[in-house]
Amino acid sequence: MQAAPIETRLIDGKAYARRLTDTVRDGVTALGETHGVVPGLAVVMVGNNPASEVYVRNKIAHTEGVGMRSVAHKLPGSTTEAELLAVIDRLNRDPEVHGILVQLPLPRGIASDRITRAIHPHKDVDGLTPENVGRTTLGQDGLVPCTPLGCLLLLRSELGTLKGLHAVVVGKSNLVGRPMAQLLLQEECTVTVCHVATPDVGSLACQADVLVVATGHKGLVRRDWIKPGATVIDVGITRVTTQEGKSRLMGDVVHEEAMGRAGRLTPVPGGVGPMTIACLLRNTLTAAERSVRGLQPGT
Ligand SMILES: NC(=O)C1=CN([C@@H]2O[C@H](COP(=O)(O)OP(=O)(O)OC[C@H]3O[C@@H](n4cnc5c(N)ncnc54)[C@H](OP(=O)(O)O)[C@@H]3O)[C@@H](O)[C@H]2O)C=CC1
Ligand SMILES: Nc1nc(=O)c2c([nH]1)NC[C@@H]1CN(c3ccc(C(=O)N[C@@H](CCC(=O)O)C(=O)O)cc3)C=[N+]21
Ligand SMILES: [Mg+2]
């Protein structure tokens, strides 16, 4: 006998992000009134990766939309590590800059871990410095990476408590998979992390109550990878050109196969992406608030 069909609920990340952004805008206004401070975000981009340019443009538009200051540093692809370190040093010392984001990946020849480590932890709105990674892992209040934070906020609003759920994270990057796994562990999920060396990822994925996929491998997750009724968070973004020559985005999940199988699903676009930007604004506000109130963690 056929099981009853599942009606998949699409998670409207854009709507959640709009609400979060409105809260951030209120916080920016309040900080201006109480302390006369305008939060400032510096976005540093090296070389011209067309996909990155879209994200950077989006980020700048949203930053200004909430009343923050945004400074874009577009450096040529030939920039050396020493030159990039000098830019970061200047931003670290600039009192008008509260958040620094260095767009990843960086060109070959620049060691991204050395660049990340050079960012002052109090301005590290990406949550990638060893101090903030440690704080996230220990459940202390540092700055939490924007994409995993956005996924967690979506999951909490959709499901309430996550306690006791089996969460499977596919991907173990420093930017998404690892911090996602740490945050889910703090929610008292049972967490399984899969990556390229994991044999038969599908056999683990299909046991997940919560499945978070962040690989950049479009169409990786098929229908039988999804436990009926599971909540599926699709972080992956791949830009493809259709036969009509149009550009569109695809997630890591085969959307039409997940429909009718997952209980809830984030679409691409309009799912995790807008939450990443909203969380970046939130982290920048948090960094600015802490700097004016002298409330930096660990000081
Ligand atoms: N929506 C948003 O806001 C954001 C979206 N993204 C998107 O999310 C995706 C992932 O980003 P990011 O984490 O930075 O990417 P990385 O390339 O740094 O990491 C990808 C991870 O996925 C794993 N992986 C790749 N292919 C497979 C596979 N076939 N089976 C199992 N694991 C696999 C890799 O494993 P291993 O480590 O073993 O190589 C790696 O850990 C990209 O599409 C990116 O564009 C990223 C950030 C924000
Ligand atoms: N240091 C660093 N931090 C990052 O957070 C970071 C990075 N480097 N490098 C690249 C990835 C990717 N990323 C996205 C952010 C927003 C959208 C986004 O806004 N997406 C929208 C719309 C996208 C569109 O239509 O072009 C959506 O999915 O609906 C996507 C992807 C952040 N990243
Ligand atoms: Mg990586």
# chains A, B, ... in the order shown; residues from 1 in each chain; ligands from 1
>>> closest_atom_pairs(of="chain A", to="ligand 1", cutoff="8 Å", atoms="only C-alpha atoms and all ligand atoms", output="JSON lines")
{"residue": "A:Leu104", "atom": "CA", "partner": "ligand 1", "partner_atom_place_in_ligand_line": "14 (O)", "distance": 7.9}
{"residue": "A:Cys146", "atom": "CA", "partner": "ligand 1", "partner_atom_place_in_ligand_line": "3 (O)", "distance": 7.8}
{"residue": "A:Thr147", "atom": "CA", "partner": "ligand 1", "partner_atom_place_in_ligand_line": "3 (O)", "distance": 5.2}
{"residue": "A:Val170", "atom": "CA", "partner": "ligand 1", "partner_atom_place_in_ligand_line": "32 (N)", "distance": 5.5}
{"residue": "A:Gly171", "atom": "CA", "partner": "ligand 1", "partner_atom_place_in_ligand_line": "22 (O)", "distance": 3.5}
{"residue": "A:Lys172", "atom": "CA", "partner": "ligand 1", "partner_atom_place_in_ligand_line": "41 (O)", "distance": 3.7}
{"residue": "A:Ser173", "atom": "CA", "partner": "ligand 1", "partner_atom_place_in_ligand_line": "13 (O)", "distance": 4.4}
{"residue": "A:Asn174", "atom": "CA", "partner": "ligand 1", "partner_atom_place_in_ligand_line": "13 (O)", "distance": 6.9}
{"residue": "A:Leu175", "atom": "CA", "partner": "ligand 1", "partner_atom_place_in_ligand_line": "14 (O)", "distance": 5.4}
{"residue": "A:Val176", "atom": "CA", "partner": "ligand 1", "partner_atom_place_in_ligand_line": "13 (O)", "distance": 4.7}
{"residue": "A:Gly177", "atom": "CA", "partner": "ligand 1", "partner_atom_place_in_ligand_line": "13 (O)", "distance": 5.9}
{"residue": "A:Cys194", "atom": "CA", "partner": "ligand 1", "partner_atom_place_in_ligand_line": "31 (C)", "distance": 5.9}
{"residue": "A:His195", "atom": "CA", "partner": "ligand 1", "partner_atom_place_in_ligand_line": "32 (N)", "distance": 3.5}
{"residue": "A:Val196", "atom": "CA", "partner": "ligand 1", "partner_atom_place_in_ligand_line": "38 (O)", "distance": 3.8}
{"residue": "A:Ala197", "atom": "CA", "partner": "ligand 1", "partner_atom_place_in_ligand_line": "38 (O)", "distance": 5.6}
{"residue": "A:Thr198", "atom": "CA", "partner": "ligand 1", "partner_atom_place_in_ligand_line": "31 (C)", "distance": 6.7}
{"residue": "A:Val201", "atom": "CA", "partner": "ligand 1", "partner_atom_place_in_ligand_line": "31 (C)", "distance": 6.5}
{"residue": "A:Val213", "atom": "CA", "partner": "ligand 1", "partner_atom_place_in_ligand_line": "8 (O)", "distance": 7.9}
{"residue": "A:Ala214", "atom": "CA", "partner": "ligand 1", "partner_atom_place_in_ligand_line": "10 (C)", "distance": 4.2}
{"residue": "A:Thr215", "atom": "CA", "partner": "ligand 1", "partner_atom_place_in_ligand_line": "22 (O)", "distance": 3.4}
{"residue": "A:Gly216", "atom": "CA", "partner": "ligand 1", "partner_atom_place_in_ligand_line": "43 (O)", "distance": 3.0}
{"residue": "A:His217", "atom": "CA", "partner": "ligand 1", "partner_atom_place_in_ligand_line": "26 (N)", "distance": 5.5}
{"residue": "A:Lys218", "atom": "CA", "partner": "ligand 1", "partner_atom_place_in_ligand_line": "43 (O)", "distance": 7.7}
{"residue": "A:Leu220", "atom": "CA", "partner": "ligand 1", "partner_atom_place_in_ligand_line": "29 (N)", "distance": 6.5}
{"residue": "A:Asp234", "atom": "CA", "partner": "ligand 1", "partner_atom_place_in_ligand_line": "1 (N)", "distance": 7.7}
{"residue": "A:Val235", "atom": "CA", "partner": "ligand 1", "partner_atom_place_in_ligand_line": "1 (N)", "distance": 4.5}
{"residue": "A:Gly236", "atom": "CA", "partner": "ligand 1", "partner_atom_place_in_ligand_line": "8 (O)", "distance": 3.6}
{"residue": "A:Ile237", "atom": "CA", "partner": "ligand 1", "partner_atom_place_in_ligand_line": "43 (O)", "distance": 3.9}
{"residue": "A:Thr238", "atom": "CA", "partner": "ligand 1", "partner_atom_place_in_ligand_line": "43 (O)", "distance": 5.5}
{"residue": "A:Gly251", "atom": "CA", "partner": "ligand 1", "partner_atom_place_in_ligand_line": "43 (O)", "distance": 7.2}
{"residue": "A:Asp252", "atom": "CA", "partner": "ligand 1", "partner_atom_place_in_ligand_line": "43 (O)", "distance": 7.3}
{"residue": "A:Val268", "atom": "CA", "partner": "ligand 1", "partner_atom_place_in_ligand_line": "1 (N)", "distance": 7.9}
{"residue": "A:Gly271", "atom": "CA", "partner": "ligand 1", "partner_atom_place_in_ligand_line": "1 (N)", "distance": 7.3}
{"residue": "A:Val272", "atom": "CA", "partner": "ligand 1", "partner_atom_place_in_ligand_line": "1 (N)", "distance": 4.7}
{"residue": "A:Gly273", "atom": "CA", "partner": "ligand 1", "partner_atom_place_in_ligand_line": "3 (O)", "distance": 3.6}
{"residue": "A:Pro274", "atom": "CA", "partner": "ligand 1", "partner_atom_place_in_ligand_line": "3 (O)", "distance": 6.8}
{"residue": "A:Met275", "atom": "CA", "partner": "ligand 1", "partner_atom_place_in_ligand_line": "3 (O)", "distance": 6.9}
{"residue": "A:Thr276", "atom": "CA", "partner": "ligand 1", "partner_atom_place_in_ligand_line": "3 (O)", "distance": 4.7}
{"residue": "A:Ile277", "atom": "CA", "partner": "ligand 1", "partner_atom_place_in_ligand_line": "3 (O)", "distance": 7.3}
>>> residues_around(residues="Val24 in chain A", least_positions_apart="2", cutoff="10 Å", atoms="only C-alpha atoms", output="NGL selection string")
:A and (18-22 or 26-30 or 66-68 or 278-279 or 281-286)
>>> write_last_selection(atoms="C-alpha atoms", output="PDB file, in the first residue's frame")
ATOM      1  CA  ARG A  18      13.103  40.416   6.050  1.00  0.00           C
ATOM      2  CA  ARG A  19      11.868  40.205   9.643  1.00  0.00           C
ATOM      3  CA  LEU A  20      15.389  39.765  11.005  1.00  0.00           C
ATOM      4  CA  THR A  21      16.605  42.675   8.891  1.00  0.00           C
ATOM      5  CA  ASP A  22      13.823  44.879  10.291  1.00  0.00           C
ATOM      6  CA  ASP A  26      15.758  49.111  14.697  1.00  0.00           C
ATOM      7  CA  GLY A  27      18.980  48.214  16.516  1.00  0.00           C
ATOM      8  CA  VAL A  28      21.008  50.434  14.192  1.00  0.00           C
ATOM      9  CA  THR A  29      18.635  53.338  14.802  1.00  0.00           C
ATOM     10  CA  ALA A  30      18.831  52.813  18.564  1.00  0.00           C
ATOM     11  CA  VAL A  66      19.499  49.129   7.377  1.00  0.00           C
ATOM     12  CA  GLY A  67      21.414  52.358   7.858  1.00  0.00           C
ATOM     13  CA  MET A  68      24.896  50.912   8.202  1.00  0.00           C
ATOM     14  CA  ALA A 278      20.498  39.085   7.376  1.00  0.00           C
ATOM     15  CA  CYS A 279      22.830  37.319   9.857  1.00  0.00           C
ATOM     16  CA  LEU A 281      23.970  42.473   9.283  1.00  0.00           C
ATOM     17  CA  ARG A 282      23.051  41.132  12.703  1.00  0.00           C
ATOM     18  CA  ASN A 283      26.668  40.198  13.449  1.00  0.00           C
ATOM     19  CA  THR A 284      27.853  43.632  12.325  1.00  0.00           C
ATOM     20  CA  LEU A 285      25.346  45.304  14.649  1.00  0.00           C
ATOM     21  CA  THR A 286      26.425  42.996  17.484  1.00  0.00           C
TER      22      THR A 286
END
>>> select_by_dssp(residues="range 252-298 of chain A", states="helix (DSSP H, G or I)", output="ChimeraX atom specification")
/A:255-258,272-293
>>> select_by_dssp(residues="range 133-283 of chain A", states="strand (DSSP E or B)", output="count of residues only")
30
>>> closest_residue(among="A:Leu106, A:Val133, A:Val97, A:Met180", to="ligand 3", atoms="only C-alpha atoms and all ligand atoms")
A:Leu106
>>> atom_distance(atom1="CA of Gly164 in chain A", atom2="CA of Leu183 in chain A")
13.7 Å
>>> closest_residue(among="A:Ser112, A:Ala86, A:Asp94, A:Val44", to="ligand 3", atoms="only C-alpha atoms and all ligand atoms")
A:Ser112
>>> atom_distance(atom1="CA of Asn49 in chain A", atom2="CA of Val221 in chain A")
26.7 Å
>>> residues_around(residues="Gly109 in chain A", least_positions_apart="4", cutoff="12 Å", atoms="only C-alpha atoms", output="VMD selection string")
chain A and resid 46 77 to 82 84 105 113 to 115
>>> atom_distance(atom1="CA of His35 in chain A", atom2="CA of Gly150 in chain A")
28.0 Å
>>> closest_residue(among="A:Lys14, A:His120, A:Lys74, A:Arg290", to="Val56 in chain A", atoms="only C-alpha atoms")
A:Lys74
>>> residues_around(residues="Pro130 in chain A", least_positions_apart="5", cutoff="9 Å", atoms="only C-alpha atoms", output="list of chain:residue names")
A:Thr116, A:Arg117, A:Pro121, A:Arg135
>>> write_last_selection(atoms="C-alpha atoms", output="compact mmCIF listing (two decimals), in the first residue's frame")
# COMPACT_ATOMS: atom_id res chain seq x y z
CA THR A 116 41.49 34.86 8.47
CA ARG A 117 43.76 34.83 11.50
CA PRO A 121 38.23 38.65 16.49
CA ARG A 135 33.69 30.31 21.19
>>> residues_around(residues="Thr190 in chain A", least_positions_apart="5", cutoff="9 Å", atoms="only C-alpha atoms", output="list of chain:residue names")
A:Lys163, A:Gly164, A:Leu165, A:His166, A:Ala167, A:Val168, A:Leu184, A:Leu185
>>> write_last_selection(atoms="C-alpha atoms", output="short mmCIF file (atom, residue, chain, number, x, y, z; two decimals), in the first residue's frame")
data_model
loop_
_atom_site.label_atom_id
_atom_site.label_comp_id
_atom_site.auth_asym_id
_atom_site.auth_seq_id
_atom_site.Cartn_x
_atom_site.Cartn_y
_atom_site.Cartn_z
CA LYS A 163 16.55 18.35 21.19
CA GLY A 164 16.95 14.65 20.50
CA LEU A 165 16.60 14.94 16.72
CA HIS A 166 19.08 13.19 14.45
CA ALA A 167 20.78 15.86 12.33
CA VAL A 168 22.91 14.90 9.36
CA LEU A 184 23.28 21.48 16.17
CA LEU A 185 25.24 19.68 18.88
#
>>> closest_residue(among="A:Leu128, A:Trp225, A:Glu158, A:His73", to="ligand 3", atoms="only C-alpha atoms and all ligand atoms")
A:Leu128
>>> closest_residue(among="A:Gly134, A:Gly142, A:Pro148, A:Gly40", to="ligand 2", atoms="only C-alpha atoms and all ligand atoms")
A:Pro148
>>> closest_residue(among="A:Pro50, A:Gly270, A:Gly65, A:Pro95", to="ligand 2", atoms="only C-alpha atoms and all ligand atoms")
A:Gly270
